[in-house]
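Engineer: My file is entry35.pdb. It has PDB, C-alpha atoms and all ligand atoms:
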ATOM      1  CA  MET A   1      84.186  25.182   6.230
ATOM      2  CA  MET A   2      82.131  24.385   3.129
ATOM      3  CA  LYS A   3      81.590  27.250   0.632
ATOM      4  CA  LEU A   4      78.305  27.336  -1.276
ATOM      5  CA  PHE A   5      77.289  29.593  -4.128
ATOM      6  CA  ILE A   6      73.539  30.000  -4.577
ATOM      7  CA  TYR A   7      72.029  30.871  -7.963
ATOM      8  CA  GLY A   8      68.432  31.982  -8.427
ATOM      9  CA  PHE A   9      68.453  33.098  -4.799
ATOM     10  CA  ARG A  10      65.320  34.743  -3.399
ATOM     11  CA  GLU A  11      65.159  36.790  -0.210
ATOM     12  CA  ASP A  12      62.441  34.497   1.157
ATOM     13  CA  GLU A  13      65.113  31.761   1.287
ATOM     14  CA  ARG A  14      67.649  33.752   3.333
ATOM     15  CA  LEU A  15      66.228  32.881   6.743
ATOM     16  CA  TYR A  16      66.526  29.176   6.013
ATOM     17  CA  PHE A  17      70.128  29.486   4.826
ATOM     18  CA  GLU A  18      71.012  31.572   7.883
ATOM     19  CA  ASN A  19      69.323  29.124  10.274
ATOM     20  CA  SER A  20      71.436  26.198   9.053
ATOM     21  CA  LYS A  21      74.838  27.902   8.892
ATOM     22  CA  ALA A  22      76.039  26.871  12.334
ATOM     23  CA  GLN A  23      74.865  23.276  12.117
ATOM     24  CA  TYR A  24      76.254  22.568   8.644
ATOM     25  CA  GLN A  25      79.378  24.732   8.910
ATOM     26  CA  PHE A  26      79.176  26.675   5.671
ATOM     27  CA  THR A  27      79.483  30.144   4.254
ATOM     28  CA  TYR A  28      77.529  31.201   1.197
ATOM     29  CA  ASP A  29      77.171  33.914  -1.384
ATOM     30  CA  VAL A  30      74.306  34.456  -3.737
ATOM     31  CA  CYS A  31      73.297  35.579  -7.202
ATOM     32  CA  TYR A  32      69.656  36.514  -7.814
ATOM     33  CA  GLU A  33      69.928  35.481 -11.460
ATOM     34  CA  LYS A  34      69.893  31.956 -12.821
ATOM     35  CA  ALA A  35      73.285  30.394 -13.591
ATOM     36  CA  THR A  36      74.525  31.299 -17.073
ATOM     37  CA  LEU A  37      77.803  31.253 -18.990
ATOM     38  CA  THR A  38      78.095  34.967 -18.199
ATOM     39  CA  ASN A  39      77.795  34.710 -14.426
ATOM     40  CA  ALA A  40      79.357  31.261 -13.887
ATOM     41  CA  HIS A  41      82.693  32.895 -12.899
ATOM     42  CA  LEU A  42      81.051  34.188  -9.714
ATOM     43  CA  ALA A  43      81.229  30.649  -8.325
ATOM     44  CA  ALA A  44      85.036  30.411  -8.683
ATOM     45  CA  GLY A  45      86.560  29.268  -5.408
ATOM     46  CA  TYR A  46      83.334  27.739  -4.025
ATOM     47  CA  ASP A  47      82.823  24.033  -3.349
ATOM     48  CA  CYS A  48      79.256  23.474  -4.556
ATOM     49  CA  ILE A  49      76.557  25.443  -6.310
ATOM     50  CA  SER A  50      72.843  25.359  -5.596
ATOM     51  CA  ILE A  51      70.463  26.177  -8.452
ATOM     52  CA  LEU A  52      66.765  26.298  -9.313
ATOM     53  CA  SER A  53      64.869  24.824 -12.245
ATOM     54  CA  THR A  54      66.609  26.795 -15.003
ATOM     55  CA  PRO A  55      68.164  25.048 -18.026
ATOM     56  CA  PHE A  56      71.549  23.531 -17.323
ATOM     57  CA  PRO A  57      72.974  22.252 -20.616
ATOM     58  CA  LYS A  58      76.350  20.644 -21.265
ATOM     59  CA  ALA A  59      78.163  23.932 -22.013
ATOM     60  CA  LEU A  60      77.139  25.348 -18.630
ATOM     61  CA  ILE A  61      78.195  22.193 -16.799
ATOM     62  CA  GLU A  62      81.559  22.409 -18.583
ATOM     63  CA  ALA A  63      81.970  26.022 -17.453
ATOM     64  CA  PHE A  64      81.507  25.001 -13.814
ATOM     65  CA  VAL A  65      83.792  21.981 -14.205
ATOM     66  CA  HIS A  66      86.514  24.371 -15.410
ATOM     67  CA  LEU A  67      85.941  26.505 -12.312
ATOM     68  CA  GLY A  68      86.576  23.479 -10.097
ATOM     69  CA  ILE A  69      82.945  22.961  -9.009
ATOM     70  CA  THR A  70      82.210  19.263  -8.540
ATOM     71  CA  TYR A  71      78.667  19.277  -7.123
ATOM     72  CA  ILE A  72      75.463  20.912  -8.333
ATOM     73  CA  SER A  73      72.478  20.741  -6.009
ATOM     74  CA  THR A  74      69.163  21.724  -7.570
ATOM     75  CA  ARG A  75      66.681  23.017  -4.991
ATOM     76  CA  THR A  76      63.950  21.156  -6.881
ATOM     77  CA  VAL A  77      62.562  17.631  -6.996
ATOM     78  CA  GLY A  78      62.640  17.462 -10.799
ATOM     79  CA  TYR A  79      66.032  17.519 -12.518
ATOM     80  CA  ASP A  80      64.981  17.337 -16.156
ATOM     81  CA  HIS A  81      66.493  20.832 -16.628
ATOM     82  CA  ILE A  82      70.012  19.403 -16.121
ATOM     83  CA  ASP A  83      71.803  17.400 -18.808
ATOM     84  CA  ILE A  84      72.543  14.449 -16.510
ATOM     85  CA  GLU A  85      74.326  12.418 -19.198
ATOM     86  CA  ALA A  86      76.687  15.330 -19.865
ATOM     87  CA  ALA A  87      77.236  15.760 -16.110
ATOM     88  CA  LYS A  88      78.183  12.081 -15.799
ATOM     89  CA  ALA A  89      80.534  12.291 -18.765
ATOM     90  CA  LEU A  90      82.201  15.422 -17.367
ATOM     91  CA  GLY A  91      82.531  14.023 -13.835
ATOM     92  CA  MET A  92      80.131  16.585 -12.367
ATOM     93  CA  HIS A  93      78.006  15.296  -9.497
ATOM     94  CA  VAL A  94      74.363  16.334  -9.214
ATOM     95  CA  GLY A  95      71.728  16.105  -6.499
ATOM     96  CA  ASN A  96      68.097  17.133  -6.170
ATOM     97  CA  VAL A  97      65.997  17.736  -3.032
ATOM     98  CA  THR A  98      62.750  16.457  -1.645
ATOM     99  CA  TYR A  99      60.065  18.334   0.224
ATOM    100  CA  ALA A 100      56.824  17.185   1.766
ATOM    101  CA  PRO A 101      54.512  16.146  -1.090
ATOM    102  CA  GLU A 102      51.404  17.502   0.654
ATOM    103  CA  GLY A 103      52.083  21.044  -0.607
ATOM    104  CA  VAL A 104      51.845  20.130  -4.293
ATOM    105  CA  ALA A 105      49.106  17.553  -3.593
ATOM    106  CA  GLU A 106      46.920  20.158  -1.851
ATOM    107  CA  TYR A 107      47.493  22.620  -4.690
ATOM    108  CA  THR A 108      46.496  19.916  -7.186
ATOM    109  CA  MET A 109      43.359  19.184  -5.168
ATOM    110  CA  MET A 110      42.510  22.885  -5.215
ATOM    111  CA  LEU A 111      43.003  23.138  -8.995
ATOM    112  CA  MET A 112      40.873  20.032  -9.549
ATOM    113  CA  LEU A 113      37.952  21.500  -7.602
ATOM    114  CA  MET A 114      38.432  24.917  -9.208
ATOM    115  CA  ALA A 115      38.371  23.390 -12.692
ATOM    116  CA  LEU A 116      35.236  21.334 -11.985
ATOM    117  CA  ARG A 117      33.427  24.327 -10.446
ATOM    118  CA  LYS A 118      34.462  26.717 -13.265
ATOM    119  CA  MET A 119      36.185  29.010 -10.799
ATOM    120  CA  LYS A 120      38.111  30.970 -13.429
ATOM    121  CA  LEU A 121      34.859  32.154 -14.966
ATOM    122  CA  ILE A 122      33.204  32.767 -11.592
ATOM    123  CA  LEU A 123      36.073  34.984 -10.418
ATOM    124  CA  ALA A 124      36.262  36.807 -13.770
ATOM    125  CA  SER A 125      32.478  37.384 -13.689
ATOM    126  CA  MET A 126      32.632  38.676 -10.110
ATOM    127  CA  ALA A 127      35.328  41.170 -11.137
ATOM    128  CA  VAL A 128      32.916  42.750 -13.668
ATOM    129  CA  GLN A 129      29.821  42.496 -11.442
ATOM    130  CA  ASP A 130      28.279  39.757 -13.549
ATOM    131  CA  TYR A 131      26.327  37.853 -10.917
ATOM    132  CA  SER A 132      24.329  35.746 -13.376
ATOM    133  CA  PHE A 133      24.387  31.947 -13.740
ATOM    134  CA  ASP A 134      25.741  32.209 -17.288
ATOM    135  CA  GLY A 135      28.291  29.519 -18.012
ATOM    136  CA  VAL A 136      29.181  28.852 -14.381
ATOM    137  CA  ARG A 137      27.338  25.627 -13.612
ATOM    138  CA  GLY A 138      29.965  23.192 -12.363
ATOM    139  CA  SER A 139      30.076  19.492 -11.469
ATOM    140  CA  ASN A 140      30.877  17.508  -8.311
ATOM    141  CA  LEU A 141      33.844  15.308  -7.612
ATOM    142  CA  ASN A 142      31.574  12.871  -5.770
ATOM    143  CA  GLU A 143      31.213   9.593  -7.730
ATOM    144  CA  LYS A 144      33.523  10.725 -10.542
ATOM    145  CA  THR A 145      36.329   8.522 -11.843
ATOM    146  CA  ILE A 146      39.682  10.183 -11.215
ATOM    147  CA  GLY A 147      42.696   8.854 -13.117
ATOM    148  CA  ILE A 148      46.058   9.477 -11.501
ATOM    149  CA  ILE A 149      49.059   8.961 -13.750
ATOM    150  CA  GLY A 150      52.125   8.117 -11.668
ATOM    151  CA  CYS A 151      52.233   6.961  -8.064
ATOM    152  CA  GLY A 152      55.161   8.772  -6.468
ATOM    153  CA  ASN A 153      54.983  10.742  -3.236
ATOM    154  CA  ILE A 154      52.836  13.567  -4.619
ATOM    155  CA  ALA A 155      50.384  11.201  -6.318
ATOM    156  CA  GLN A 156      50.074   9.191  -3.096
ATOM    157  CA  ALA A 157      49.405  12.333  -1.040
ATOM    158  CA  LEU A 158      46.789  13.362  -3.605
ATOM    159  CA  ILE A 159      45.157   9.925  -3.475
ATOM    160  CA  ARG A 160      44.907  10.233   0.327
ATOM    161  CA  LEU A 161      43.186  13.616  -0.077
ATOM    162  CA  LEU A 162      40.883  12.314  -2.796
ATOM    163  CA  SER A 163      39.909   9.340  -0.657
ATOM    164  CA  GLY A 164      37.640  11.688   1.306
ATOM    165  CA  PHE A 165      35.635  12.693  -1.770
ATOM    166  CA  ASN A 166      33.896   9.405  -2.527
ATOM    167  CA  CYS A 167      35.341   9.035  -6.022
ATOM    168  CA  ARG A 168      36.547   6.030  -7.932
ATOM    169  CA  ILE A 169      40.328   6.402  -8.091
ATOM    170  CA  LEU A 170      42.354   4.700 -10.842
ATOM    171  CA  VAL A 171      46.150   4.815 -10.830
ATOM    172  CA  TYR A 172      48.682   4.020 -13.499
ATOM    173  CA  SER A 173      52.169   3.223 -12.262
ATOM    174  CA  ARG A 174      54.994   0.844 -13.165
ATOM    175  CA  THR A 175      55.135  -0.275  -9.537
ATOM    176  CA  GLU A 176      52.030  -0.896  -7.458
ATOM    177  CA  LYS A 177      52.189   0.742  -4.021
ATOM    178  CA  ALA A 178      50.555  -1.482  -1.394
ATOM    179  CA  ALA A 179      49.709   1.523   0.813
ATOM    180  CA  MET A 180      47.426   2.909  -1.920
ATOM    181  CA  LYS A 181      45.414  -0.244  -2.499
ATOM    182  CA  PRO A 182      42.707   0.585   0.063
ATOM    183  CA  TYR A 183      41.940   3.791  -1.868
ATOM    184  CA  ALA A 184      42.772   3.215  -5.509
ATOM    185  CA  THR A 185      42.746   0.601  -8.273
ATOM    186  CA  PHE A 186      45.984   0.102 -10.178
ATOM    187  CA  CYS A 187      45.282  -0.248 -13.888
ATOM    188  CA  ARG A 188      46.730   0.173 -17.354
ATOM    189  CA  PHE A 189      47.342   3.560 -18.949
ATOM    190  CA  ALA A 190      44.673   2.828 -21.563
ATOM    191  CA  GLN A 191      42.006   2.256 -18.910
ATOM    192  CA  ILE A 192      42.797   5.588 -17.224
ATOM    193  CA  VAL A 193      42.582   7.365 -20.560
ATOM    194  CA  ASN A 194      39.301   5.666 -21.535
ATOM    195  CA  GLU A 195      37.405   5.803 -18.251
ATOM    196  CA  SER A 196      38.465   8.897 -16.298
ATOM    197  CA  ASP A 197      36.358  12.018 -15.845
ATOM    198  CA  VAL A 198      39.408  13.791 -14.450
ATOM    199  CA  ILE A 199      43.040  12.958 -15.281
ATOM    200  CA  SER A 200      45.859  14.275 -13.096
ATOM    201  CA  LEU A 201      49.517  13.904 -14.125
ATOM    202  CA  HIS A 202      52.241  13.063 -11.605
ATOM    203  CA  LEU A 203      55.266  11.786 -13.507
ATOM    204  CA  PRO A 204      58.771  13.140 -13.965
ATOM    205  CA  LEU A 205      59.652  14.363 -17.442
ATOM    206  CA  SER A 206      61.889  12.023 -19.423
ATOM    207  CA  GLN A 207      62.190  10.817 -23.015
ATOM    208  CA  GLU A 208      59.609   8.152 -22.172
ATOM    209  CA  THR A 209      57.042  10.539 -20.686
ATOM    210  CA  HIS A 210      57.518  13.454 -23.113
ATOM    211  CA  HIS A 211      54.116  14.099 -24.793
ATOM    212  CA  LEU A 212      52.574  11.099 -23.036
ATOM    213  CA  ILE A 213      49.309  12.996 -23.412
ATOM    214  CA  ASN A 214      49.168  13.532 -27.154
ATOM    215  CA  ARG A 215      46.544  13.613 -29.923
ATOM    216  CA  ASP A 216      46.079   9.873 -29.764
ATOM    217  CA  ALA A 217      45.506   9.929 -25.983
ATOM    218  CA  PHE A 218      43.035  12.825 -26.209
ATOM    219  CA  GLN A 219      41.054  10.966 -28.897
ATOM    220  CA  LYS A 220      40.557   8.033 -26.536
ATOM    221  CA  MET A 221      39.404  10.141 -23.579
ATOM    222  CA  LYS A 222      35.835  10.677 -22.422
ATOM    223  CA  GLN A 223      33.999  13.648 -23.895
ATOM    224  CA  GLY A 224      34.390  16.629 -21.544
ATOM    225  CA  VAL A 225      37.326  15.184 -19.567
ATOM    226  CA  THR A 226      39.140  17.487 -17.122
ATOM    227  CA  ILE A 227      42.958  17.556 -17.306
ATOM    228  CA  ILE A 228      45.136  18.603 -14.366
ATOM    229  CA  ASN A 229      48.902  19.062 -14.635
ATOM    230  CA  THR A 230      51.108  20.094 -11.729
ATOM    231  CA  SER A 231      54.194  18.071 -12.699
ATOM    232  CA  ARG A 232      55.939  18.994 -15.958
ATOM    233  CA  GLY A 233      54.464  20.840 -18.920
ATOM    234  CA  ALA A 234      55.963  18.679 -21.636
ATOM    235  CA  LEU A 235      54.044  15.609 -20.453
ATOM    236  CA  ILE A 236      51.279  17.155 -22.560
ATOM    237  CA  ASP A 237      51.590  18.139 -26.204
ATOM    238  CA  SER A 238      50.280  21.714 -25.925
ATOM    239  CA  MET A 239      49.010  21.855 -29.524
ATOM    240  CA  ALA A 240      47.112  18.602 -29.062
ATOM    241  CA  LEU A 241      45.568  20.015 -25.880
ATOM    242  CA  ILE A 242      44.559  23.201 -27.684
ATOM    243  CA  GLU A 243      42.830  21.127 -30.398
ATOM    244  CA  ALA A 244      41.117  18.957 -27.781
ATOM    245  CA  ILE A 245      39.817  22.041 -25.964
ATOM    246  CA  GLU A 246      38.652  23.640 -29.202
ATOM    247  CA  ASN A 247      36.790  20.509 -30.329
ATOM    248  CA  GLY A 248      35.219  20.015 -26.885
ATOM    249  CA  LYS A 249      36.924  16.719 -25.995
ATOM    250  CA  VAL A 250      38.563  18.443 -23.036
ATOM    251  CA  GLY A 251      35.907  20.194 -20.969
ATOM    252  CA  ALA A 252      38.312  21.897 -18.589
ATOM    253  CA  ALA A 253      41.983  22.015 -17.713
ATOM    254  CA  ALA A 254      44.013  23.312 -14.810
ATOM    255  CA  LEU A 255      47.687  23.688 -15.580
ATOM    256  CA  ASP A 256      50.345  24.817 -13.159
ATOM    257  CA  VAL A 257      52.937  23.852 -15.757
ATOM    258  CA  VAL A 258      53.050  24.163 -19.524
ATOM    259  CA  GLU A 259      55.470  22.953 -22.158
ATOM    260  CA  GLN A 260      56.609  26.444 -23.227
ATOM    261  CA  GLU A 261      57.024  27.947 -19.722
ATOM    262  CA  THR A 262      60.835  28.299 -19.578
ATOM    263  CA  GLY A 263      61.795  31.962 -19.936
ATOM    264  CA  VAL A 264      58.182  33.063 -19.434
ATOM    265  CA  TYR A 265      57.098  31.871 -16.001
ATOM    266  CA  TYR A 266      58.704  33.719 -13.086
ATOM    267  CA  HIS A 267      59.092  36.823 -15.291
ATOM    268  CA  ASP A 268      56.880  39.869 -15.637
ATOM    269  CA  CYS A 269      55.867  39.590 -19.309
ATOM    270  CA  LYS A 270      53.058  42.140 -19.412
ATOM    271  CA  ALA A 271      54.878  44.397 -21.869
ATOM    272  CA  ARG A 272      56.171  41.516 -23.975
ATOM    273  CA  ILE A 273      54.865  40.133 -27.251
ATOM    274  CA  LEU A 274      54.782  36.504 -26.182
ATOM    275  CA  LYS A 275      56.267  34.178 -28.763
ATOM    276  CA  GLN A 276      54.994  31.232 -26.756
ATOM    277  CA  ARG A 277      51.593  31.338 -28.452
ATOM    278  CA  GLU A 278      50.420  28.146 -26.808
ATOM    279  CA  ILE A 279      50.517  29.835 -23.395
ATOM    280  CA  ALA A 280      48.625  32.875 -24.660
ATOM    281  CA  LEU A 281      45.996  30.689 -26.337
ATOM    282  CA  LEU A 282      45.485  28.334 -23.416
ATOM    283  CA  ASN A 283      45.303  31.251 -21.004
ATOM    284  CA  SER A 284      42.598  32.861 -23.152
ATOM    285  CA  TYR A 285      40.131  29.993 -22.707
ATOM    286  CA  PRO A 286      37.478  30.410 -19.994
ATOM    287  CA  ASN A 287      37.738  26.729 -19.056
ATOM    288  CA  VAL A 288      41.529  26.640 -18.646
ATOM    289  CA  ILE A 289      42.987  27.727 -15.313
ATOM    290  CA  MET A 290      46.687  28.474 -15.511
ATOM    291  CA  THR A 291      49.120  29.311 -12.731
ATOM    292  CA  PRO A 292      52.847  29.933 -13.316
ATOM    293  CA  HIS A 293      54.416  26.796 -11.790
ATOM    294  CA  LEU A 294      53.688  27.709  -8.184
ATOM    295  CA  ALA A 295      52.372  24.486  -6.668
ATOM    296  CA  TRP A 296      55.626  24.138  -4.703
ATOM    297  CA  LEU A 297      55.591  27.695  -3.346
ATOM    298  CA  SER A 298      54.592  27.240   0.290
ATOM    299  CA  GLU A 299      56.544  28.228   3.388
ATOM    300  CA  GLU A 300      56.976  24.601   4.340
ATOM    301  CA  SER A 301      58.293  23.531   0.920
ATOM    302  CA  ILE A 302      60.777  26.415   0.673
ATOM    303  CA  SER A 303      62.282  25.665   4.067
ATOM    304  CA  GLU A 304      62.814  22.019   3.076
ATOM    305  CA  MET A 305      64.185  22.884  -0.383
ATOM    306  CA  VAL A 306      66.872  25.056   1.186
ATOM    307  CA  LEU A 307      67.670  22.729   4.077
ATOM    308  CA  HIS A 308      67.909  19.642   1.881
ATOM    309  CA  SER A 309      70.106  21.428  -0.647
ATOM    310  CA  ILE A 310      72.508  22.406   2.152
ATOM    311  CA  GLN A 311      72.404  18.900   3.643
ATOM    312  CA  SER A 312      72.987  17.350   0.239
ATOM    313  CA  CYS A 313      76.107  19.498  -0.319
ATOM    314  CA  TYR A 314      77.254  18.670   3.222
ATOM    315  CA  HIS A 315      76.874  14.910   2.684
ATOM    316  CA  TYR A 316      78.677  15.182  -0.644
ATOM    317  CA  MET A 317      81.558  17.199   0.807
ATOM    318  CA  HIS A 318      81.934  14.843   3.772
ATOM    319  CA  GLY A 319      81.721  11.674   1.676
ATOM    320  CA  GLU A 320      78.587  10.590   3.559
ATOM    321  CA  PRO A 321      75.621   8.662   2.137
ATOM    322  CA  ASN A 322      73.539  11.263   0.321
ATOM    323  CA  PRO A 323      69.881  10.388  -0.295
ATOM    324  CA  TRP A 324      69.552  13.172  -2.872
ATOM    325  CA  GLN A 325      72.606  12.465  -5.037
ATOM    326  CA  ILE A 326      71.619  11.491  -8.590
ATOM    327  CA  CYS A 327      75.085  11.049 -10.080
TER
HETATM  328  C1  LIG B 401      60.288  20.846  -8.467
HETATM  329  O1  LIG B 401      60.684  20.866  -7.289
HETATM  330  O2  LIG B 401      60.592  19.926  -9.246
HETATM  331  C2  LIG B 401      59.425  21.915  -8.951
HETATM  332  O3  LIG B 401      58.713  21.718  -9.897
HETATM  333  C3  LIG B 401      59.519  23.247  -8.280
HETATM  334  C4  LIG B 401      60.577  24.107  -8.895
HETATM  335  C5  LIG B 401      60.175  24.676 -10.212
HETATM  336  C6  LIG B 401      60.968  25.246  -7.982
END
Can you present the structure in this file as structure tokens?
Ligand code: COI
Structural biologist:
Amino acid sequence: MMKLFIYGFREDERLYFENSKAQYQFTYDVCYEKATLTNAHLAAGYDCISILSTPFPKALIEAFVHLGITYISTRTVGYDHIDIEAAKALGMHVGNVTYAPEGVAEYTMMLMLMALRKMKLILASMAVQDYSFDGVRGSNLNEKTIGIIGCGNIAQALIRLLSGFNCRILVYSRTEKAAMKPYATFCRFAQIVNESDVISLHLPLSQETHHLINRDAFQKMKQGVTIINTSRGALIDSMALIEAIENGKVGAAALDVVEQETGVYYHDCKARILKQREIALLNSYPNVIMTPHLAWLSEESISEMVLHSIQSCYHYMHGEPNPWQIC
């Protein structure tokens, strides 16, 4: 019987763990906190650990290697929080999960419309009984040029949603996806940056994509461009975004992720003096909608995150082909 130890466990995941126990023959114990050097010992005697998107540097991997853990499954699509090179060097195996891309795509669609229709200001005005037209005139998606950066599963689901809005859709991707050609035009990064009214980011974070949207990129964008980010915060240089908002180049932004979010998002910070000034500044602007990395948080996504993490550990333990194993 496989033994799993679950870090960053939430009660809303329990049902899905319980429902799979019989089929995948495992027992599990949990820790509500993220994995750290202090609580790593809790996983002694288990076969695999399952984690969330909290930092997993070399020292932490080493700690689990010493405890005899050989497989880390992150219940997330992205795995930029894990030092994969260190894992490889230490002989630790790592896997991610997948979940239906429609959840994040729908959330992105919602943020895009909210940003264009100035929904942050409308809701804030409603809360103080300001029913005037002041500052709340929005714009339509119809006939706009939407630039999608990346063409993975989430981007493709978003393109399918956008195809109902009568926009011109441009996509930048290393590989052209035939299924998207009826809806979107594949083009160079520079064309997206120059021609888009709305730019939505859908790339994993890596050394190559870090600060892809920087001062230089903002300079080349259309005046008043709308920026949407539901993938990883560090794709955008936050300071460059702040400048571009302050000088009017960026007319609106909707950010579910932000470069400085680790240690802030998923915590109640209301009594804290935030050192992550970029978050405080961006959140203060009336034309910037921010949500704390929640695009994934739907019932459907959570059930798949848990199930696929269990299945991934099961495949690993049974030496079976494992579609989620990264190394
Ligand atoms: C991912 O699955 O990569 C996410 O971004 C969601 C995670 C933070 C729970």
Engineer: Report as CSV: every residue of chain A with an atom at most 6 Å from ligand LIG 401 (chain B), its closest pair of atoms, and their distance in Å to one decimal, counting only C-alpha atoms and all ligand atoms, with rows sorted by chain and ascending residue number.
Structural biologist:
residue,atom,partner,partner_atom,distance
A:Ser53,CA,B:LIG401,C5,5.1
A:Thr76,CA,B:LIG401,O1,3.3
A:Val77,CA,B:LIG401,O1,3.8
A:Gly78,CA,B:LIG401,O2,3.6
A:Trp296,CA,B:LIG401,C3,5.4
Engineer: Got a sec to resolve the PyMOL selection byres (((chain A and resi 317) around 9) and not hetatm) on this structure and send the residues as a list in words?
Structural biologist: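 Evaluating the PyMOL selection byres (((chain A and resi 317) around 9) and not hetatm) on this file yields Met2, Asp47, Cys48, Tyr71, Ser312, Cys313, Tyr314, His315, Tyr316, His318, Gly319 and Glu320 of chain A.
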Engineer: So which one's closest to Ala124 in chain A, A:Leu235, A:Leu255, A:Ala44, A:Ile289? Using only C-alpha atoms, please.
Structural biologist: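 For Ala124 in chain A, the nearest of the given residues is A:Ile289.
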Engineer: Kindly resolve the PyMOL selection byres (((chain A and resi 234) around 8) and not hetatm) on the present coordinates and return the residues as a list of chain:residue names.
Structural biologist: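 With the PyMOL selection byres (((chain A and resi 234) around 8) and not hetatm) on this model, the match is A:Leu205, A:His210, A:His211, A:Arg232, A:Gly233, A:Leu235, A:Ile236, A:Asp237, A:Ser238, A:Val258, A:Glu259, A:Gln260.
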Engineer: Could you state the separation of CA of Gly150 in chain A and CA of Gln219 in chain A in Å, given to one decimal place?
Structural biologist: 20.7 Å
Engineer: Starting from the PyMOL selection byres (((chain A and resi 79-83) around 10) and not hetatm), expand the selection into actual residues of this file and give them as a ChimeraX atom specification.
Structural biologist: /A:52-61,72-78,84-88,94-97,204-207,232,262,326
Engineer: Please determine, counting all atoms listed in the file, which residue among A:Arg188, A:Glu195, A:Ala253, A:Met109 has the shortest atom-to-atom distance to Leu161 in chain A.
Structural biologist: A:Met109
Engineer: Rank nothing, just name the residue among A:Met119, A:Met112, A:Leu42, A:Cys151 nearest to Phe165 in chain A, using all atoms listed in the file.
Structural biologist: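 Result for the nearest residue to Phe165 in chain A: A:Met112.
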Engineer: Calculated over all atoms listed in the file, which of the candidates A:Leu282, A:Val264, A:His293, A:Val225 has the smallest distance to Glu243 in chain A?
Structural biologist: A:Leu282
Engineer: Would you compute the distance between CA of Ile159 in chain A and CA of Gln191 in chain A? Give it in Å to one decimal.
Structural biologist: 17.5 Å
Engineer: Could you tell me how far CA of Ala35 in chain A sits from CA of Phe5 in chain A, in Å to one decimal place?
Structural biologist: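 One can read the CA of Phe5 in chain A to CA of Ala35 in chain A distance as 10.3 Å.
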Engineer: Which polymer residues have any atom within 9 Å of an atom of Leu4 in chain A, counting all atoms listed in the file, with same-chain residues fewer than 3 positions away left out, as JSON, numbers by chain?
Structural biologist: {"A": [26, 27, 28, 29, 30, 43, 46, 47, 48, 49, 50, 310, 313]}
Engineer: Might you pull out every residue within 8 Å of Val193 in chain A, with only C-alpha atoms counted and same-chain residues fewer than 4 positions away left off, and present them as a PDB file with C-alpha atoms, in the coordinates of the input?
Structural biologist:
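Now in part11.pdb:
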ATOM      1  CA  GLY A 147      42.696   8.854 -13.117  1.00  0.00           C
ATOM      2  CA  PHE A 189      47.342   3.560 -18.949  1.00  0.00           C
ATOM      3  CA  ILE A 199      43.040  12.958 -15.281  1.00  0.00           C
ATOM      4  CA  ALA A 217      45.506   9.929 -25.983  1.00  0.00           C
ATOM      5  CA  PHE A 218      43.035  12.825 -26.209  1.00  0.00           C
ATOM      6  CA  LYS A 220      40.557   8.033 -26.536  1.00  0.00           C
ATOM      7  CA  MET A 221      39.404  10.141 -23.579  1.00  0.00           C
ATOM      8  CA  LYS A 222      35.835  10.677 -22.422  1.00  0.00           C
TER       9      LYS A 222
END
Engineer: Using all atoms listed in the file for the distances, tell me which of A:Asn283, A:Thr226, A:Gln276, A:Ser20 is nearest to Lys120 in chain A.
Structural biologist: A:Asn283
Engineer: With 4 Å on each side, where is the centre of the axis-aligned box around all listed atoms of range 287-303 of chain A, and how long are its edges in Å to one decimal, as AutoDock Vina command-line options?
Structural biologist:
--center_x 50.0 --center_y 26.7 --center_z -7.4 --size_x 32.5 --size_y 14.4 --size_z 31.4
